[in-house]
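Novice: mmCIF, C-alpha atoms, saved as query25.cif, coming up:
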```cif
data_protein
loop_
_atom_site.label_atom_id
_atom_site.label_comp_id
_atom_site.auth_asym_id
_atom_site.auth_seq_id
_atom_site.Cartn_x
_atom_site.Cartn_y
_atom_site.Cartn_z
CA MET J 1 52.41 -21.45 10.71
CA ARG J 2 53.19 -19.46 7.56
CA LYS J 3 52.61 -22.57 5.43
CA LEU J 4 49.31 -23.22 7.22
CA VAL J 5 48.09 -19.65 6.61
CA SER J 6 49.13 -19.86 2.96
CA ALA J 7 47.25 -23.11 2.59
CA MET J 8 44.12 -21.60 4.18
CA VAL J 9 44.26 -18.56 1.90
CA ALA J 10 44.72 -20.79 -1.12
CA ALA J 11 41.81 -22.98 -0.05
CA GLY J 12 39.61 -19.92 0.47
CA ALA J 13 40.53 -18.54 -2.92
CA LEU J 14 39.76 -21.89 -4.53
CA THR J 15 36.39 -22.09 -2.76
CA TYR J 16 35.50 -18.57 -3.92
CA ALA J 17 36.65 -19.33 -7.45
CA MET J 18 34.44 -22.41 -7.47
CA THR J 19 31.41 -20.71 -5.85
CA TRP J 20 31.35 -17.37 -7.68
CA PRO J 21 30.71 -18.75 -11.18
CA ALA J 22 27.93 -20.97 -9.82
CA THR J 23 26.30 -18.02 -8.03
CA ALA J 24 26.65 -15.79 -11.07
CA ALA J 25 25.22 -18.51 -13.29
CA ALA J 26 22.27 -19.00 -10.93
CA GLU J 27 21.51 -15.29 -11.02
CA SER J 28 21.87 -15.08 -14.81
CA SER J 29 19.43 -17.99 -15.28
CA TRP J 30 16.92 -16.58 -12.81
CA PRO J 31 14.06 -17.38 -12.71
CA ASP J 32 14.14 -21.13 -13.39
CA HIS J 33 10.93 -21.95 -11.46
CA PRO J 34 7.69 -20.14 -10.51
CA VAL J 35 7.77 -16.88 -8.54
CA THR J 36 5.35 -16.30 -5.65
CA VAL J 37 3.76 -12.94 -4.87
CA VAL J 38 2.46 -12.84 -1.30
CA VAL J 39 -0.70 -10.83 -0.66
CA THR J 40 -1.02 -9.92 3.01
CA PHE J 41 -4.82 -9.71 3.01
CA ALA J 42 -7.65 -12.15 2.29
CA PRO J 43 -8.78 -13.07 -1.24
CA GLY J 44 -11.30 -10.86 -2.98
CA GLY J 45 -10.18 -7.41 -1.90
CA ASN J 46 -8.40 -4.59 -3.71
CA ASN J 47 -4.94 -6.00 -2.96
CA ASP J 48 -5.75 -9.53 -4.04
CA LEU J 49 -7.43 -8.37 -7.26
CA THR J 50 -4.43 -6.18 -8.12
CA ALA J 51 -2.04 -9.10 -7.69
CA ARG J 52 -4.16 -11.40 -9.86
CA ILE J 53 -4.46 -8.79 -12.61
CA LEU J 54 -0.69 -8.31 -12.65
CA ALA J 55 0.45 -11.93 -12.25
CA PRO J 56 -0.07 -13.24 -15.83
CA ALA J 57 1.69 -10.28 -17.45
CA LEU J 58 4.50 -10.35 -14.88
CA GLY J 59 4.94 -14.08 -15.47
CA LYS J 60 5.08 -13.54 -19.22
CA ALA J 61 7.76 -10.87 -18.78
CA LEU J 62 9.81 -13.14 -16.51
CA GLY J 63 9.36 -16.26 -18.58
CA GLN J 64 7.97 -18.14 -15.57
CA SER J 65 4.55 -18.44 -13.98
CA VAL J 66 3.74 -16.10 -11.08
CA VAL J 67 1.66 -17.56 -8.25
CA VAL J 68 -0.44 -15.37 -5.95
CA GLU J 69 -0.48 -16.58 -2.34
CA ASN J 70 -2.67 -15.01 0.36
CA ARG J 71 -1.19 -14.89 3.88
CA ALA J 72 -3.57 -12.66 5.82
CA GLY J 73 -3.64 -11.64 9.45
CA ALA J 74 -2.51 -9.05 11.98
CA GLY J 75 -2.99 -6.10 9.67
CA GLY J 76 -0.66 -7.53 7.03
CA ILE J 77 2.16 -8.34 9.45
CA ILE J 78 1.97 -12.13 9.06
CA GLY J 79 2.42 -12.12 5.30
CA THR J 80 5.05 -9.41 5.39
CA GLN J 81 7.13 -11.29 7.94
CA TYR J 82 6.82 -14.45 5.83
CA VAL J 83 8.48 -12.68 2.89
CA GLN J 84 11.11 -11.15 5.17
CA ARG J 85 12.10 -14.64 6.38
CA ALA J 86 12.00 -16.33 2.97
CA ARG J 87 15.15 -17.26 1.07
CA LEU J 88 16.82 -14.22 -0.46
CA ASP J 89 16.57 -15.46 -4.02
CA GLY J 90 13.76 -13.34 -5.48
CA TYR J 91 11.28 -16.21 -5.71
CA THR J 92 9.10 -14.89 -2.85
CA LEU J 93 7.91 -11.31 -3.30
CA LEU J 94 5.69 -9.01 -1.30
CA LEU J 95 2.69 -7.13 -2.65
CA GLY J 96 3.26 -4.23 -0.28
CA THR J 97 0.52 -1.77 0.58
CA ALA J 98 0.25 1.52 2.42
CA ASN J 99 -0.08 -0.58 5.56
CA LEU J 100 3.60 -1.50 5.21
CA SER J 101 4.46 2.09 6.15
CA ILE J 102 1.86 2.26 8.93
CA ALA J 103 2.09 -1.01 10.88
CA PRO J 104 5.49 -0.38 12.55
CA PHE J 105 4.08 2.70 14.28
CA VAL J 106 0.60 1.41 15.12
CA TYR J 107 1.24 -2.15 16.28
CA LYS J 108 3.50 -3.33 19.09
CA ASP J 109 6.60 -5.40 18.39
CA VAL J 110 6.42 -5.42 14.59
CA PRO J 111 9.26 -7.79 13.63
CA TYR J 112 10.54 -5.88 10.61
CA ASP J 113 11.64 -2.46 9.45
CA PRO J 114 10.09 -1.50 6.07
CA LEU J 115 13.14 0.50 4.95
CA ARG J 116 15.80 -1.85 6.26
CA ASP J 117 14.24 -5.22 5.44
CA PHE J 118 12.63 -4.64 2.04
CA VAL J 119 13.75 -3.43 -1.38
CA PRO J 120 11.12 -1.62 -3.46
CA ILE J 121 10.79 -3.06 -6.96
CA GLY J 122 8.20 -0.58 -8.18
CA GLY J 123 4.78 0.97 -7.72
CA ILE J 124 1.64 -0.58 -9.19
CA GLN J 125 -1.38 1.54 -8.29
CA SER J 126 -2.79 4.11 -5.91
CA VAL J 127 -6.32 5.05 -4.89
CA PRO J 128 -7.35 8.44 -3.52
CA LEU J 129 -9.45 8.55 -0.40
CA VAL J 130 -12.80 10.31 -0.38
CA LEU J 131 -14.88 11.90 2.35
CA THR J 132 -18.54 10.96 2.07
CA ALA J 133 -21.72 11.71 4.04
CA SER J 134 -25.04 9.97 4.55
CA LYS J 135 -28.10 11.33 2.84
CA ALA J 136 -29.76 11.57 6.25
CA SER J 137 -27.11 14.06 7.40
CA HIS J 138 -28.11 16.54 4.63
CA ILE J 139 -24.40 17.38 4.25
CA THR J 140 -23.51 18.03 0.61
CA SER J 141 -20.24 20.02 0.79
CA TRP J 142 -17.12 20.53 2.86
CA ALA J 143 -18.50 23.83 4.13
CA GLU J 144 -21.63 22.09 5.45
CA PHE J 145 -19.52 19.28 6.90
CA ALA J 146 -17.26 21.76 8.72
CA LYS J 147 -20.28 23.65 10.06
CA ALA J 148 -21.85 20.46 11.42
CA ALA J 149 -18.52 19.36 12.92
CA ALA J 150 -18.09 22.72 14.64
CA SER J 151 -21.34 22.23 16.51
CA GLY J 152 -21.46 20.81 20.01
CA LYS J 153 -22.40 17.32 18.84
CA GLY J 154 -19.77 17.12 16.15
CA VAL J 155 -19.75 14.51 13.37
CA GLY J 156 -19.05 10.79 13.49
CA VAL J 157 -16.68 9.56 10.78
CA ALA J 158 -16.45 5.88 9.88
CA THR J 159 -13.31 4.11 8.61
CA PRO J 160 -12.58 0.46 7.73
CA GLY J 161 -10.63 0.13 10.98
CA SER J 162 -8.19 1.61 13.46
CA GLY J 163 -4.67 2.08 12.16
CA THR J 164 -5.69 2.05 8.50
CA SER J 165 -4.64 4.73 6.03
CA ASN J 166 -8.25 5.94 6.18
CA HIS J 167 -7.96 6.40 9.93
CA LEU J 168 -4.69 8.29 9.59
CA ALA J 169 -6.27 10.59 6.98
CA LEU J 170 -9.12 11.34 9.40
CA GLU J 171 -6.68 12.12 12.20
CA ARG J 172 -4.76 14.47 9.91
CA ILE J 173 -8.01 16.30 9.11
CA LYS J 174 -8.82 16.55 12.82
CA LEU J 175 -5.37 17.86 13.75
CA GLN J 176 -5.28 20.44 10.97
CA THR J 177 -8.87 21.73 11.11
CA LYS J 178 -9.54 21.29 14.86
CA LEU J 179 -13.05 20.11 14.01
CA ASN J 180 -15.08 17.97 16.41
CA LEU J 181 -14.87 14.63 14.60
CA THR J 182 -15.37 11.25 16.27
CA HIS J 183 -13.68 8.20 14.78
CA VAL J 184 -16.05 5.25 14.29
CA PRO J 185 -13.92 2.21 13.32
CA TYR J 186 -15.43 -0.78 11.52
CA LYS J 187 -14.06 -4.15 10.41
CA GLY J 188 -13.83 -3.36 6.72
CA SER J 189 -15.34 -0.91 4.28
CA GLY J 190 -18.48 -2.95 3.56
CA PRO J 191 -20.13 -2.69 6.99
CA ALA J 192 -19.14 0.97 7.29
CA ILE J 193 -20.65 1.89 3.92
CA SER J 194 -23.85 0.06 4.85
CA ASP J 195 -24.20 2.11 8.04
CA VAL J 196 -23.50 5.37 6.19
CA MET J 197 -26.24 4.51 3.71
CA ALA J 198 -28.58 3.68 6.59
CA GLY J 199 -27.77 6.94 8.37
CA GLN J 200 -26.31 5.14 11.40
CA VAL J 201 -23.12 7.20 11.06
CA GLU J 202 -22.93 10.60 9.42
CA SER J 203 -19.83 10.27 7.26
CA MET J 204 -16.88 8.13 6.20
CA VAL J 205 -13.33 8.25 4.88
CA ASP J 206 -12.99 5.49 2.30
CA GLN J 207 -11.08 4.40 -0.79
CA LEU J 208 -12.75 6.02 -3.77
CA ASN J 209 -13.18 2.77 -5.68
CA SER J 210 -14.92 1.13 -2.69
CA SER J 211 -17.54 3.86 -2.28
CA LEU J 212 -17.86 4.84 -5.95
CA PRO J 213 -20.85 2.57 -6.79
CA GLN J 214 -22.87 4.00 -3.89
CA ILE J 215 -21.84 7.55 -4.78
CA GLN J 216 -22.85 7.08 -8.41
CA ALA J 217 -26.15 5.49 -7.34
CA GLY J 218 -26.92 8.51 -5.16
CA LYS J 219 -26.99 6.45 -1.96
CA ILE J 220 -24.23 8.48 -0.27
CA GLN J 221 -22.87 11.97 -0.87
CA ALA J 222 -19.25 12.62 -1.86
CA ILE J 223 -18.03 15.74 -0.05
CA ALA J 224 -14.35 15.97 -0.95
CA GLN J 225 -11.60 13.99 -2.61
CA LEU J 226 -8.47 13.65 -0.49
CA GLY J 227 -6.07 13.07 -3.37
CA PRO J 228 -3.86 15.79 -4.87
CA THR J 229 -6.13 16.14 -7.92
CA ARG J 230 -9.65 15.14 -8.91
CA SER J 231 -9.97 11.54 -9.95
CA LYS J 232 -11.28 10.96 -13.45
CA MET J 233 -13.75 8.57 -11.84
CA LEU J 234 -15.31 11.46 -9.90
CA PRO J 235 -14.60 14.61 -11.91
CA ASP J 236 -17.35 16.77 -10.42
CA VAL J 237 -16.28 16.42 -6.77
CA PRO J 238 -13.57 18.91 -5.70
CA THR J 239 -10.52 18.09 -3.62
CA LEU J 240 -10.06 19.39 -0.09
CA LYS J 241 -7.44 21.80 -1.40
CA GLU J 242 -9.94 23.23 -3.88
CA GLN J 243 -12.31 23.80 -0.97
CA GLY J 244 -9.78 25.74 1.05
CA VAL J 245 -8.11 23.01 3.09
CA ALA J 246 -4.50 22.70 1.92
CA GLY J 247 -1.84 20.25 3.06
CA ILE J 248 -4.01 17.14 3.37
CA GLU J 249 -3.46 14.56 0.67
CA ALA J 250 -4.35 10.95 1.35
CA THR J 251 -4.14 7.93 -0.91
CA THR J 252 -3.60 4.22 -0.47
CA TRP J 253 -1.05 2.49 -2.65
CA ILE J 254 0.25 -0.91 -3.74
CA GLY J 255 3.73 -1.85 -4.92
CA LEU J 256 6.03 -4.81 -5.37
CA PHE J 257 8.89 -5.53 -2.93
CA ALA J 258 11.64 -8.07 -2.40
CA ALA J 259 13.44 -8.86 0.84
CA THR J 260 16.69 -6.99 1.42
CA GLY J 261 19.59 -9.19 0.39
CA THR J 262 17.98 -10.31 -2.84
CA PRO J 263 20.77 -10.29 -5.49
CA PRO J 264 20.96 -6.96 -7.37
CA ASP J 265 20.83 -8.78 -10.70
CA VAL J 266 17.53 -10.37 -9.71
CA VAL J 267 16.12 -7.06 -8.47
CA ALA J 268 17.04 -5.46 -11.80
CA LYS J 269 15.24 -8.25 -13.68
CA LEU J 270 12.17 -7.83 -11.50
CA ASP J 271 12.20 -4.08 -12.09
CA LYS J 272 12.32 -4.55 -15.85
CA ALA J 273 9.63 -7.25 -15.78
CA LEU J 274 7.30 -5.08 -13.67
CA GLN J 275 7.69 -2.19 -16.10
CA THR J 276 6.87 -4.51 -18.98
CA ALA J 277 3.82 -5.91 -17.16
CA MET J 278 2.56 -2.43 -16.28
CA ALA J 279 2.75 -1.47 -19.97
CA ASP J 280 0.55 -4.41 -20.94
CA PRO J 281 -2.74 -3.07 -22.41
CA GLU J 282 -4.86 -5.67 -20.61
CA VAL J 283 -3.28 -4.84 -17.24
CA GLN J 284 -3.83 -1.12 -17.83
CA LYS J 285 -7.44 -1.71 -18.90
CA ARG J 286 -8.30 -3.80 -15.85
CA LEU J 287 -6.58 -1.45 -13.40
CA ASP J 288 -8.47 1.48 -14.96
CA GLU J 289 -11.72 -0.45 -14.53
CA MET J 290 -10.91 -0.78 -10.82
CA GLY J 291 -10.90 3.01 -10.53
CA VAL J 292 -7.25 3.20 -9.49
CA SER J 293 -4.37 5.35 -10.71
CA ARG J 294 -1.44 3.50 -12.26
CA PHE J 295 2.01 4.37 -10.93
CA ASP J 296 4.37 5.83 -13.50
CA MET J 297 7.73 6.32 -11.79
CA THR J 298 11.20 4.82 -11.64
CA ARG J 299 12.23 2.34 -8.96
CA ASP J 300 14.26 5.02 -7.19
CA ALA J 301 11.34 7.43 -7.29
CA PHE J 302 9.03 4.78 -5.84
CA ALA J 303 11.54 4.06 -3.06
CA ALA J 304 11.59 7.78 -2.21
CA PHE J 305 7.78 7.83 -2.27
CA VAL J 306 7.60 4.93 0.21
CA LYS J 307 10.13 6.57 2.53
CA LYS J 308 8.22 9.86 2.51
CA ASP J 309 4.93 8.07 3.17
CA LEU J 310 6.49 6.22 6.09
CA MET J 311 7.80 9.42 7.65
CA ASN J 312 4.42 11.14 7.22
CA ASN J 313 2.63 8.21 8.83
CA LYS J 314 5.05 8.15 11.75
CA GLU J 315 4.34 11.83 12.39
CA ILE J 316 0.55 11.50 12.35
CA VAL J 317 0.54 8.32 14.47
CA GLU J 318 2.67 10.00 17.13
CA LYS J 319 0.64 13.22 17.15
CA ALA J 320 -2.72 11.44 17.24
CA GLN J 321 -1.40 8.73 19.61
CA ILE J 322 -2.83 5.90 17.52
CA ARG J 323 -2.23 2.40 18.84
CA SER J 324 -3.66 -0.98 17.89
CA GLU J 325 -3.07 -4.22 19.75
#
```
Output the file's structure in the form of structure tokens.
Specialist:
Amino acid sequence: MRKLVSAMVAAGALTYAMTWPATAAAESSWPDHPVTVVVTFAPGGNNDLTARILAPALGKALGQSVVVENRAGAGGIIGTQYVQRARLDGYTLLLGTANLSIAPFVYKDVPYDPLRDFVPIGGIQSVPLVLTASKASHITSWAEFAKAAASGKGVGVATPGSGTSNHLALERIKLQTKLNLTHVPYKGSGPAISDVMAGQVESMVDQLNSSLPQIQAGKIQAIAQLGPTRSKMLPDVPTLKEQGVAGIEATTWIGLFAATGTPPDVVAKLDKALQTAMADPEVQKRLDEMGVSRFDMTRDAFAAFVKKDLMNNKEIVEKAQIRSE
């Protein structure tokens, strides 16, 4: 028996000795073929555009091409699960959005845990939300909005859909201010903006860059920015905090993630490549043209940001009892 055990130990040691150099070599030569970034929403939107702006510079930094692949459906769950189940080699990455920290609390039976199953590589961009009103409502400020919402009828507030970051921001406003606000969910920002312009719904919570053209054209009225500071794209519109409503800050965000279990050496290379890509002048120019704010934080800081956002979303979903099938 002792000889058998010794033989097994020796065989195991030999196997490890043979495998470890190969594994280390594979990691040191990574990447040796194209890397895929999975976008969990359809082509043409903010997420897809961000990925396609970043991909060439990220590929240049990695020394391999980066392919953008759209896997939409179920509020981002389908694409996210695809990355979770992919091989843990760093060749399939997730363009994670704010929805990553919302879906587990809004949808039933989400098959992943954002903190357990994904490793943040780094932040890419964020967009503040903005509260707007239709011209037909004659609301031009937060004070007028609050007065209208305190009336018996209240105010209808559109969002791009139930369970979105926009919806959660609205629920936070409702819980904190106790105003009579009715959620009016749409299937996307486009139809909601159209109805605000037409006066079919009084107001909306939207991403600033989505509503900015209509605000600048005078077709809808910006009431308050929901970000921590005024966006340079809308410098004359005050934040909620400036108008006396503290404690409500709402933005959407996009970052790059790998599945948990991806080799640390690969994660470190991805981190460095993302930083290099984000410093590319063309990437910065095109992100600025989108009206977004570029993230400027370390990987650890971004991981802490995601965790805090997830905890905040869990709290608001539970308090407002938000559910989506």
Novice: Find the residues with any atom within 10 Å of (6.3, -16.8, -11.6); use all atoms listed in the file and the coordinates as given in the file, and write the answer as a ChimeraX atom specification.
Specialist: /J:31-37,55-68,91-92
Novice: What lies within 6 Å of segment 173-184 of chain J using all atoms listed in the file, ignoring chain neighbours under 2 positions off, as a list in words?
Specialist: Ala149, Ala150, Gly154, Val155, Gly156, Val157, Ala158, Leu170 and Glu171 of chain J
Novice: Name the residues that the PyMOL selection byres ((chain J and resi 97) around 8) picks from the file above, as a PyMOL selection string, using the file's chain letters and numbers.
Specialist: chain J and resi 47+95-96+98-101+252-255
Novice: Any idea what's packed within 10 Å of Ile102 of chain J, counting only C-alpha atoms, ignoring anything in its chain fewer than 6 positions away? Could you give it as a PyMOL selection string?
Specialist: chain J and resi 75+114+163-165+168+309-314+316-317
Novice: Identify, on the basis of only C-alpha atoms, every residue whose closest approach to Leu208 of chain J does not exceed 8 Å; exclude the query and any residue fewer than 5 positions from it along the same chain; express the result as number ranges by chain.
Specialist: J: 127-130, 291
Novice: Which one of J:Ala277, J:Ile322, J:Ala217, J:Val205 sits closest to Gly188 of chain J if you count only C-alpha atoms?
Specialist: J:Val205
Novice: Find the spatial neighbours of Phe257 of chain J, counting all atoms listed in the file, within a cut-off of 9 Å - ignore same-chain residues fewer than 6 positions away - and output them as number ranges by chain.
Specialist: J: 93-96, 118-122
Novice: What does the structure give for the distance between atom CA of Tyr82 of chain J and atom CA of Leu54 of chain J, in Å to one decimal?
Specialist: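 Between atom CA of Tyr82 of chain J and atom CA of Leu54 of chain J the gap works out to 20.9 Å.
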Novice: State, in Å with one decimal place, the distance from atom CA of Ser134 of chain J to atom CA of Val201 of chain J.
Specialist: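 One can read the atom CA of Ser134 of chain J to atom CA of Val201 of chain J distance as 7.3 Å.
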Novice: When distances are computed from all atoms listed in the file, which of J:Ala148, J:Ile77, J:Leu115, J:Ala103 shows the smallest separation from Lys307 of chain J?
Specialist: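 Checking each candidate against Lys307 of chain J, we get J:Leu115 as the closest.
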Novice: Could you pull the residues within 10 Å of Lys108 of chain J, counting only C-alpha atoms, minus those fewer than 3 positions along the same chain, as an mmCIF file with C-alpha atoms, in the frame of the given file?
Specialist:
```
data_model
loop_
_atom_site.group_PDB
_atom_site.id
_atom_site.type_symbol
_atom_site.label_atom_id
_atom_site.label_comp_id
_atom_site.auth_asym_id
_atom_site.auth_seq_id
_atom_site.Cartn_x
_atom_site.Cartn_y
_atom_site.Cartn_z
ATOM 1 C CA ALA J 103 2.090 -1.010 10.880
ATOM 2 C CA PRO J 104 5.490 -0.380 12.550
ATOM 3 C CA PHE J 105 4.080 2.700 14.280
ATOM 4 C CA PRO J 111 9.260 -7.790 13.630
ATOM 5 C CA ARG J 323 -2.230 2.400 18.840
ATOM 6 C CA SER J 324 -3.660 -0.980 17.890
ATOM 7 C CA GLU J 325 -3.070 -4.220 19.750
#
```
Novice: Box along x, y and z, 5 Å on every side, all listed atoms of segment 156-169 of chain J inside: centre and edge lengths in Å to one decimal, as JSON.
Specialist:
```
{"center_x": -11.8, "center_y": 5.5, "center_z": 9.8, "size_x": 24.4, "size_y": 20.7, "size_z": 17.5}
```
Novice: Between J:Ser141, J:Thr298, J:Gln200, J:Ser231, which one has atoms that come closest to Gln243 of chain J, using all atoms listed in the file?
Specialist: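 Closest candidate: J:Ser141.
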Novice: Name the closest residue to Thr140 of chain J among the candidates J:Asn46, J:Ser203, J:Ser162, J:Asn70; distances are taken between atoms, counting all atoms listed in the file.
Specialist: J:Ser203
Novice: Residue by residue, what does the PyMOL selection byres ((chain J and resi 210) around 12) grab here? Present the result as number ranges by chain.
Specialist: J: 45-46, 127-132, 159-160, 188-194, 204-209, 211-216, 233, 252, 290-292
Novice: How many Å lie between atom CA of Glu318 of chain J and atom CA of Gly244 of chain J, rounded to one decimal?
Specialist: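 Distance between the two atoms: 25.7 Å.
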Novice: Quick one: which residues end up in the PyMOL selection byres ((chain J and resi 85) around 12) for this structure, as a list in words?
Specialist: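 Applied to this file, the PyMOL selection byres ((chain J and resi 85) around 12) selects Ile78, Gly79, Thr80, Gln81, Tyr82, Val83, Gln84, Ala86, Arg87, Leu88, Asp89, Thr92, Leu93, Leu94, Pro111, Tyr112, Asp117, Phe118, Ala258, Ala259, Thr260, Gly261 and Thr262 of chain J.
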Novice: Go through J:Val196, J:Ile53, J:Val39, J:Ala250 one by one, measure the shortest atom-to-atom distance of each to Thr229 of chain J using all atoms listed in the file, and give the residue with the smallest value.
Specialist: J:Ala250
Novice: Hey, which of J:Gln275, J:Lys135, J:Ser28, J:Asn166 ends up closest to Glu202 of chain J? Count all atoms listed in the file.
Specialist: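 Closest to Glu202 of chain J of all the choices is J:Lys135.
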Novice: Provide segment 145-159 of chain J rebuilt to N, CA, C and O atoms, formatted as an mmCIF file, in the frame of the given file.
Specialist:
```cif
data_model
loop_
_atom_site.group_PDB
_atom_site.id
_atom_site.type_symbol
_atom_site.label_atom_id
_atom_site.label_comp_id
_atom_site.auth_asym_id
_atom_site.auth_seq_id
_atom_site.Cartn_x
_atom_site.Cartn_y
_atom_site.Cartn_z
ATOM 1 N N PHE J 145 -20.141 20.260 6.015
ATOM 2 C CA PHE J 145 -19.520 19.280 6.900
ATOM 3 C C PHE J 145 -18.801 19.987 8.051
ATOM 4 O O PHE J 145 -18.949 19.618 9.224
ATOM 5 N N ALA J 146 -18.008 21.009 7.706
ATOM 6 C CA ALA J 146 -17.260 21.760 8.720
ATOM 7 C C ALA J 146 -18.202 22.448 9.696
ATOM 8 O O ALA J 146 -17.932 22.500 10.902
ATOM 9 N N LYS J 147 -19.307 22.976 9.190
ATOM 10 C CA LYS J 147 -20.280 23.650 10.060
ATOM 11 C C LYS J 147 -20.901 22.664 11.046
ATOM 12 O O LYS J 147 -21.033 22.954 12.241
ATOM 13 N N ALA J 148 -21.261 21.474 10.544
ATOM 14 C CA ALA J 148 -21.850 20.460 11.420
ATOM 15 C C ALA J 148 -20.829 19.981 12.456
ATOM 16 O O ALA J 148 -21.169 19.746 13.626
ATOM 17 N N ALA J 149 -19.564 19.840 12.013
ATOM 18 C CA ALA J 149 -18.520 19.360 12.920
ATOM 19 C C ALA J 149 -18.135 20.385 13.964
ATOM 20 O O ALA J 149 -17.590 20.034 15.016
ATOM 21 N N ALA J 150 -18.414 21.656 13.687
ATOM 22 C CA ALA J 150 -18.090 22.720 14.640
ATOM 23 C C ALA J 150 -19.156 22.859 15.708
ATOM 24 O O ALA J 150 -18.959 23.585 16.692
ATOM 25 N N SER J 151 -20.266 22.163 15.526
ATOM 26 C CA SER J 151 -21.340 22.230 16.510
ATOM 27 C C SER J 151 -20.975 21.415 17.740
ATOM 28 O O SER J 151 -19.998 20.675 17.751
ATOM 29 N N GLY J 152 -21.753 21.521 18.764
ATOM 30 C CA GLY J 152 -21.460 20.810 20.010
ATOM 31 C C GLY J 152 -21.435 19.313 19.854
ATOM 32 O O GLY J 152 -20.601 18.620 20.436
ATOM 33 N N LYS J 153 -22.319 18.759 19.033
ATOM 34 C CA LYS J 153 -22.400 17.320 18.840
ATOM 35 C C LYS J 153 -21.247 16.796 18.003
ATOM 36 O O LYS J 153 -20.750 15.686 18.215
ATOM 37 N N GLY J 154 -20.818 17.565 17.036
ATOM 38 C CA GLY J 154 -19.770 17.120 16.150
ATOM 39 C C GLY J 154 -20.301 16.140 15.112
ATOM 40 O O GLY J 154 -21.516 15.976 14.952
ATOM 41 N N VAL J 155 -19.382 15.447 14.427
ATOM 42 C CA VAL J 155 -19.750 14.510 13.370
ATOM 43 C C VAL J 155 -18.978 13.205 13.572
ATOM 44 O O VAL J 155 -17.775 13.218 13.814
ATOM 45 N N GLY J 156 -19.700 12.094 13.454
ATOM 46 C CA GLY J 156 -19.050 10.790 13.490
ATOM 47 C C GLY J 156 -18.527 10.423 12.112
ATOM 48 O O GLY J 156 -19.217 10.629 11.114
ATOM 49 N N VAL J 157 -17.294 9.904 12.061
ATOM 50 C CA VAL J 157 -16.680 9.560 10.780
ATOM 51 C C VAL J 157 -16.221 8.093 10.821
ATOM 52 O O VAL J 157 -15.372 7.729 11.629
ATOM 53 N N ALA J 158 -16.793 7.296 9.945
ATOM 54 C CA ALA J 158 -16.450 5.880 9.880
ATOM 55 C C ALA J 158 -15.177 5.652 9.077
ATOM 56 O O ALA J 158 -14.867 6.414 8.154
ATOM 57 N N THR J 159 -14.441 4.594 9.415
ATOM 58 C CA THR J 159 -13.310 4.110 8.610
ATOM 59 C C THR J 159 -13.360 2.587 8.619
ATOM 60 O O THR J 159 -14.059 1.986 9.436
#
```
